[in-house]
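> File name input_7.txt; file contents compact mmCIF, C-alpha atoms; full text below.
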```txt
# COMPACT_ATOMS: atom_id res chain seq x y z
CA MET Y 5 8.25 -8.41 -10.78
CA THR Y 6 10.40 -5.32 -10.19
CA GLN Y 7 14.03 -6.31 -9.70
CA THR Y 8 16.52 -3.89 -8.22
CA ALA Y 9 20.08 -3.49 -9.56
CA ILE Y 10 21.40 -4.43 -6.12
CA THR Y 11 22.15 -8.08 -5.42
CA ASN Y 12 22.91 -9.54 -2.01
CA THR Y 13 24.25 -12.59 -0.23
CA ILE Y 14 21.86 -12.52 2.72
CA ARG Y 15 20.49 -16.01 2.10
CA ARG Y 16 24.00 -17.51 2.04
CA LEU Y 17 25.08 -15.51 5.09
CA ARG Y 18 22.00 -16.69 7.00
CA PHE Y 19 22.77 -20.28 6.07
CA GLU Y 20 26.37 -19.89 7.23
CA ARG Y 21 25.19 -18.40 10.56
CA ASN Y 22 23.64 -21.61 11.81
CA GLU Y 23 20.70 -21.31 9.39
CA MET Y 24 19.43 -18.11 10.92
CA THR Y 25 15.76 -17.60 10.02
CA GLN Y 26 14.40 -14.55 8.23
CA GLN Y 27 12.38 -13.80 11.36
CA ASP Y 28 15.51 -13.83 13.55
CA LEU Y 29 17.33 -11.52 11.17
CA ALA Y 30 14.30 -9.24 10.86
CA GLU Y 31 14.03 -8.86 14.63
CA ARG Y 32 17.72 -8.06 14.99
CA VAL Y 33 17.62 -5.53 12.15
CA GLY Y 34 14.30 -3.99 13.19
CA VAL Y 35 12.19 -4.66 10.11
CA THR Y 36 9.46 -7.17 9.25
CA ARG Y 37 10.19 -10.70 8.03
CA GLN Y 38 8.48 -9.81 4.74
CA THR Y 39 10.93 -6.96 4.21
CA ILE Y 40 13.92 -9.29 4.70
CA ASN Y 41 12.30 -11.67 2.20
CA ALA Y 42 11.76 -8.82 -0.29
CA ILE Y 43 15.41 -7.76 0.07
CA GLU Y 44 16.63 -11.34 -0.46
CA LEU Y 45 14.50 -11.68 -3.59
CA GLY Y 46 15.74 -8.35 -4.96
CA LYS Y 47 12.28 -6.80 -4.80
CA TYR Y 48 13.33 -4.01 -2.44
CA SER Y 49 16.53 -2.03 -1.97
CA PRO Y 50 16.94 -1.22 1.73
CA SER Y 51 18.02 2.16 3.06
CA LEU Y 52 21.69 2.64 3.83
CA GLU Y 53 20.93 2.39 7.54
CA VAL Y 54 19.15 -0.97 7.24
CA ALA Y 55 21.90 -2.24 4.91
CA PHE Y 56 24.53 -1.36 7.53
CA ARG Y 57 22.44 -2.99 10.27
CA ILE Y 58 22.22 -6.22 8.22
CA ALA Y 59 25.98 -6.21 7.67
CA THR Y 60 26.53 -5.56 11.39
CA VAL Y 61 24.32 -8.52 12.37
CA PHE Y 62 26.46 -10.80 10.17
CA GLY Y 63 29.68 -9.13 11.32
CA VAL Y 64 30.86 -8.42 7.78
CA ARG Y 65 31.48 -5.34 5.63
CA LEU Y 66 28.63 -3.78 3.67
CA GLU Y 67 30.14 -4.80 0.32
CA ASP Y 68 30.25 -8.42 1.50
CA VAL Y 69 26.46 -8.34 1.71
CA PHE Y 70 25.42 -6.02 -1.12
CA SER Y 71 26.78 -5.40 -4.59
CA TYR Y 72 25.59 -3.13 -7.36
CA ASP Y 73 25.00 -4.65 -10.81
CA GLY Y 74 23.65 -1.57 -12.54
CA GLY Y 75 26.82 -0.76 -14.45
CA ALA Y 76 29.30 1.95 -13.62
CA GLN Y 77 28.49 5.55 -14.43
CA GLY Y 78 31.55 7.73 -14.65
CA PRO Y 79 31.82 11.02 -12.85
CA GLN Y 80 29.90 13.91 -14.39
CA ARG Y 81 32.12 15.92 -16.68
CA ASP Y 82 32.09 19.66 -16.70
CA SER Y 83 31.45 20.61 -20.34
CA ARG Y 84 32.76 24.14 -19.94
CA MET I 67 1.67 -12.19 3.69
CA SER I 68 2.29 -9.38 6.18
CA PHE I 69 -0.39 -7.96 8.46
CA ARG I 70 -0.47 -4.71 6.50
CA GLU I 71 -0.86 -6.48 3.17
CA LYS I 72 -3.77 -8.45 4.62
CA SER I 73 -5.14 -5.16 5.94
CA ALA I 74 -4.90 -3.65 2.45
CA TRP I 75 -6.80 -6.62 0.98
CA ILE I 76 -9.52 -6.30 3.64
CA THR I 77 -9.98 -2.57 3.00
CA LEU I 78 -9.87 -2.95 -0.80
CA ILE I 79 -12.48 -5.73 -0.91
CA THR I 80 -14.70 -3.97 1.64
CA LEU I 81 -14.58 -0.70 -0.31
CA ILE I 82 -15.36 -2.38 -3.64
CA VAL I 83 -18.26 -4.44 -2.27
CA LEU I 84 -19.84 -1.55 -0.36
CA THR I 85 -19.40 0.90 -3.24
CA LEU I 86 -21.05 -1.52 -5.68
CA PHE I 87 -23.82 -2.12 -3.12
CA TYR I 88 -24.33 1.63 -2.73
CA LEU I 89 -24.36 2.38 -6.45
CA THR I 90 -26.73 -0.47 -7.29
CA HIS I 91 -29.18 0.77 -4.65
CA LEU I 92 -29.33 4.36 -5.90
CA PRO I 93 -32.36 4.79 -8.17
CA PRO I 94 -31.72 6.43 -11.59
CA PRO I 95 -30.90 9.15 -12.56
CA TRP I 96 -28.70 8.55 -9.55
CA LEU I 97 -25.86 11.00 -10.05
CA LEU I 98 -27.74 13.93 -11.60
CA ASN I 99 -30.54 14.21 -9.08
CA PRO I 100 -30.26 11.68 -6.27
CA PRO I 101 -32.96 11.66 -3.59
CA SER I 102 -31.25 13.24 -0.59
CA GLY I 103 -33.00 11.26 2.16
CA PHE I 104 -32.44 7.89 0.54
CA MET I 105 -28.84 8.78 -0.36
CA PHE I 106 -28.08 9.86 3.20
CA HIS I 107 -29.55 6.75 4.83
CA VAL I 108 -27.77 4.35 2.51
CA LEU I 109 -24.55 6.34 2.92
CA VAL I 110 -24.71 6.16 6.73
CA ALA I 111 -25.47 2.44 6.54
CA GLY I 112 -22.54 1.96 4.16
CA VAL I 113 -20.10 3.85 6.39
CA ALA I 114 -21.31 1.95 9.48
CA ALA I 115 -20.95 -1.37 7.64
CA PHE I 116 -17.44 -0.35 6.52
CA VAL I 117 -16.34 0.43 10.08
CA VAL I 118 -17.80 -2.81 11.49
CA ILE I 119 -16.31 -5.02 8.73
CA GLU I 120 -12.90 -3.34 9.07
CA ILE I 121 -12.80 -3.79 12.85
CA VAL I 122 -14.02 -7.41 12.83
CA ALA I 123 -11.75 -8.48 9.95
CA HIS I 124 -8.67 -6.78 11.45
CA VAL I 125 -9.33 -8.30 14.88
CA ILE I 126 -9.60 -11.78 13.31
CA VAL I 127 -6.35 -11.30 11.35
CA ALA I 128 -4.57 -9.89 14.44
CA ILE I 129 -5.69 -12.83 16.60
CA ARG I 130 -4.40 -15.31 14.01
CA ALA I 131 -0.98 -13.57 13.81
CA PRO I 132 -0.53 -11.32 16.87
CA ARG I 133 3.22 -10.94 16.37
CA ASP I 134 2.79 -9.50 12.86
CA ALA I 135 -0.04 -7.23 13.98
CA GLN I 136 2.01 -5.70 16.79
CA ALA I 137 5.13 -5.09 14.70
CA PRO I 138 5.64 -1.39 13.92
CA ARG I 139 5.55 -0.28 10.30
CA ASP I 140 9.05 -0.53 8.81
CA GLU I 141 10.69 1.56 6.08
CA ARG I 142 9.47 -0.61 3.18
CA GLU I 143 5.87 -0.45 4.38
CA ARG I 144 6.13 3.32 4.85
CA LEU I 145 7.52 3.69 1.31
CA ILE I 146 4.72 1.55 -0.13
CA ALA I 147 2.09 3.63 1.69
CA LEU I 148 3.64 6.87 0.42
CA LYS I 149 3.92 5.74 -3.20
CA ALA I 150 0.36 4.39 -3.25
CA ALA I 151 -0.98 7.58 -1.65
CA SER I 152 0.85 9.64 -4.26
CA ILE I 153 -0.93 7.77 -7.08
CA ALA I 154 -4.28 8.02 -5.27
CA ALA I 155 -3.87 11.78 -4.82
CA TYR I 156 -3.62 12.27 -8.61
CA VAL I 157 -6.64 10.01 -9.15
CA TYR I 158 -8.67 11.95 -6.59
CA ALA I 159 -7.71 15.33 -8.04
CA ILE I 160 -8.59 14.31 -11.61
CA LEU I 161 -11.82 12.48 -10.72
CA SER I 162 -13.15 15.09 -8.29
CA LEU I 163 -12.47 18.04 -10.59
CA GLY I 164 -13.74 16.10 -13.59
CA SER I 165 -16.91 15.04 -11.82
CA VAL I 166 -17.65 18.57 -10.52
CA PHE I 167 -17.22 20.18 -13.95
CA THR I 168 -19.16 17.42 -15.72
CA LEU I 169 -22.05 17.28 -13.25
CA VAL I 170 -22.41 21.08 -13.03
CA HIS I 171 -22.38 21.23 -16.84
CA LEU I 172 -25.12 18.57 -16.97
CA GLY I 173 -27.22 20.53 -14.44
CA ALA I 174 -26.87 18.16 -11.49
CA SER I 175 -28.15 19.21 -8.07
CA SER I 176 -25.73 20.17 -5.28
CA ILE I 177 -26.34 16.76 -3.72
CA GLY I 178 -25.45 15.10 -7.02
CA VAL I 179 -22.20 17.08 -7.22
CA SER I 180 -21.40 16.19 -3.59
CA LEU I 181 -22.01 12.55 -4.38
CA GLY I 182 -19.67 12.82 -7.37
CA VAL I 183 -16.89 14.22 -5.16
CA PHE I 184 -17.53 11.58 -2.52
CA LEU I 185 -17.41 8.77 -5.08
CA SER I 186 -14.16 10.24 -6.45
CA PHE I 187 -12.69 9.96 -2.95
CA ILE I 188 -13.85 6.35 -2.61
CA LEU I 189 -12.44 5.42 -6.05
CA ALA I 190 -9.14 7.09 -5.14
CA GLU I 191 -9.01 5.03 -1.95
CA ILE I 192 -9.67 1.87 -3.97
CA VAL I 193 -6.73 2.84 -6.21
CA ASN I 194 -4.65 3.57 -3.08
CA TYR I 195 -5.15 0.09 -1.60
CA ALA I 196 -4.88 -1.65 -4.99
CA ALA I 197 -1.53 0.11 -5.56
CA ARG I 198 -0.31 -0.98 -2.12
CA ILE I 199 -1.09 -4.59 -2.96
CA VAL I 200 0.71 -4.29 -6.31
CA TYR I 201 3.79 -2.86 -4.56
CA TYR I 202 3.69 -5.57 -1.89
CA ARG I 203 3.43 -8.31 -4.55
CA ARG I 204 5.65 -6.91 -7.32
CA GLY I 205 8.21 -5.05 -5.24
CA VAL I 206 8.92 -1.39 -4.70
```
Show this structure as structure tokens.

Amino acid sequence: MTQTAITNTIRRLRFERNEMTQQDLAERVGVTRQTINAIELGKYSPSLEVAFRIATVFGVRLEDVFSYDGGAQGPQRDSR
Amino acid sequence: MSFREKSAWITLITLIVLTLFYLTHLPPPWLLNPPSGFMFHVLVAGVAAFVVIEIVAHVIVAIRAPRDAQAPRDERERLIALKAASIAAYVYAILSLGSVFTLVHLGASSIGVSLGVFLSFILAEIVNYAARIVYYRRGV
């Protein structure tokens, strides 16, 4: 299974919001339930717009929902 | 399983079954010099069967889960369709060019070459829907 380097707390946030279902979240975000499931399982990295919409539904900041575990890459150095 | 994943399974299985049916009913030497009348009639029957099976199967799936069937395609489904089509395009280009050069070199009739190109298209579509299913299952 392809895992993305982006992890998320959607499952926990859903549980804390009165056990919101994936279907409820999907309808409020404007995607399919299967896409919410794929995001939760780390099988799909959503677009920035969908990521912001998910954070907005939960009323939290983007970085409270998503975090990047791919390691930091420093800024490109100019070799000249 | 989403409506579009079920749709991909329906199309994939239908294409494989009908293609095998078509190929097993072409008398040898089927690709070099196929009988045009027979080939045409079986081809029309195959396309008609494909359309009927697709419609009936999709209607059944849509009736069982109308909410899923009515939902518009979202960004993940669009991405899966694009990535699968990209793979299928390479397959079609390689197979169609390869079949034309090979069949012309072997002295196939124009109908045989046309059949080769048509089969390349069908195989590319099989790859297209198989790739969609892999992306749906494995992640994209």
> Counting all atoms listed in the file, give me one row per residue of chain Y with an atom at most 7 Å from an atom of chain I, showing the shortest contact pair and its distance in Å to one decimal, sorted by chain then residue number, as CSV.

```
residue,atom,partner,partner_atom,distance
Y:Met5,CA,I:Arg204,CA,4.6
Y:Thr6,CA,I:Gly205,CA,5.4
Y:Val35,CA,I:Asp140,CA,5.3
Y:Thr36,CA,I:Asp140,CA,6.7
Y:Gln38,CA,I:Ser68,CA,6.4
Y:Thr39,CA,I:Arg142,CA,6.6
Y:Lys47,CA,I:Gly205,CA,4.5
Y:Tyr48,CA,I:Val206,CA,5.6
```
> Skipping near chain neighbours, those fewer than 5 positions away, what residues fall within 12 Å of Val64 in chain Y using only C-alpha atoms, listed as a list in words?
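The contact residues come out as Thr13, Ile14, Leu17, Arg21, Ala55, Phe56, Arg57, Ile58, Ala59, Val69 and Phe70 of chain Y.
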> Just give me the gap between CA of Gly46 in chain Y and CA of Gln26 in chain Y in Å, one decimal is fine.
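We find that CA of Gly46 in chain Y and CA of Gln26 in chain Y lie 14.6 Å from each other.
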> Please provide the set of residues having any atom within 9 Å of Ala147 in chain I, restricted to all atoms listed in the file, with same-chain residues fewer than 6 positions apart removed, written as a list in words.
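Final neighbour list, sorted by chain and number: Asn194, Tyr195, Ala197 and Arg198 of chain I.
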> I:Leu78, I:Ile177, I:Val157, I:Val118: which is nearest Ala196 in chain I, counting only C-alpha atoms?
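Residue with the minimum atom-to-atom distance to Ala196 in chain I: I:Leu78.
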> For a test of reading the model, state the distance in Å between CA of Glu191 in chain I and CA of Ala154 in chain I, rounded to one decimal.
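Interatomic distance here is 6.5 Å.
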> State, in Å with one decimal place, the distance from CA of Glu120 in chain I to CA of Ile79 in chain I.
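Taking CA of Glu120 in chain I as the start and CA of Ile79 in chain I as the end point, the length is 10.3 Å.
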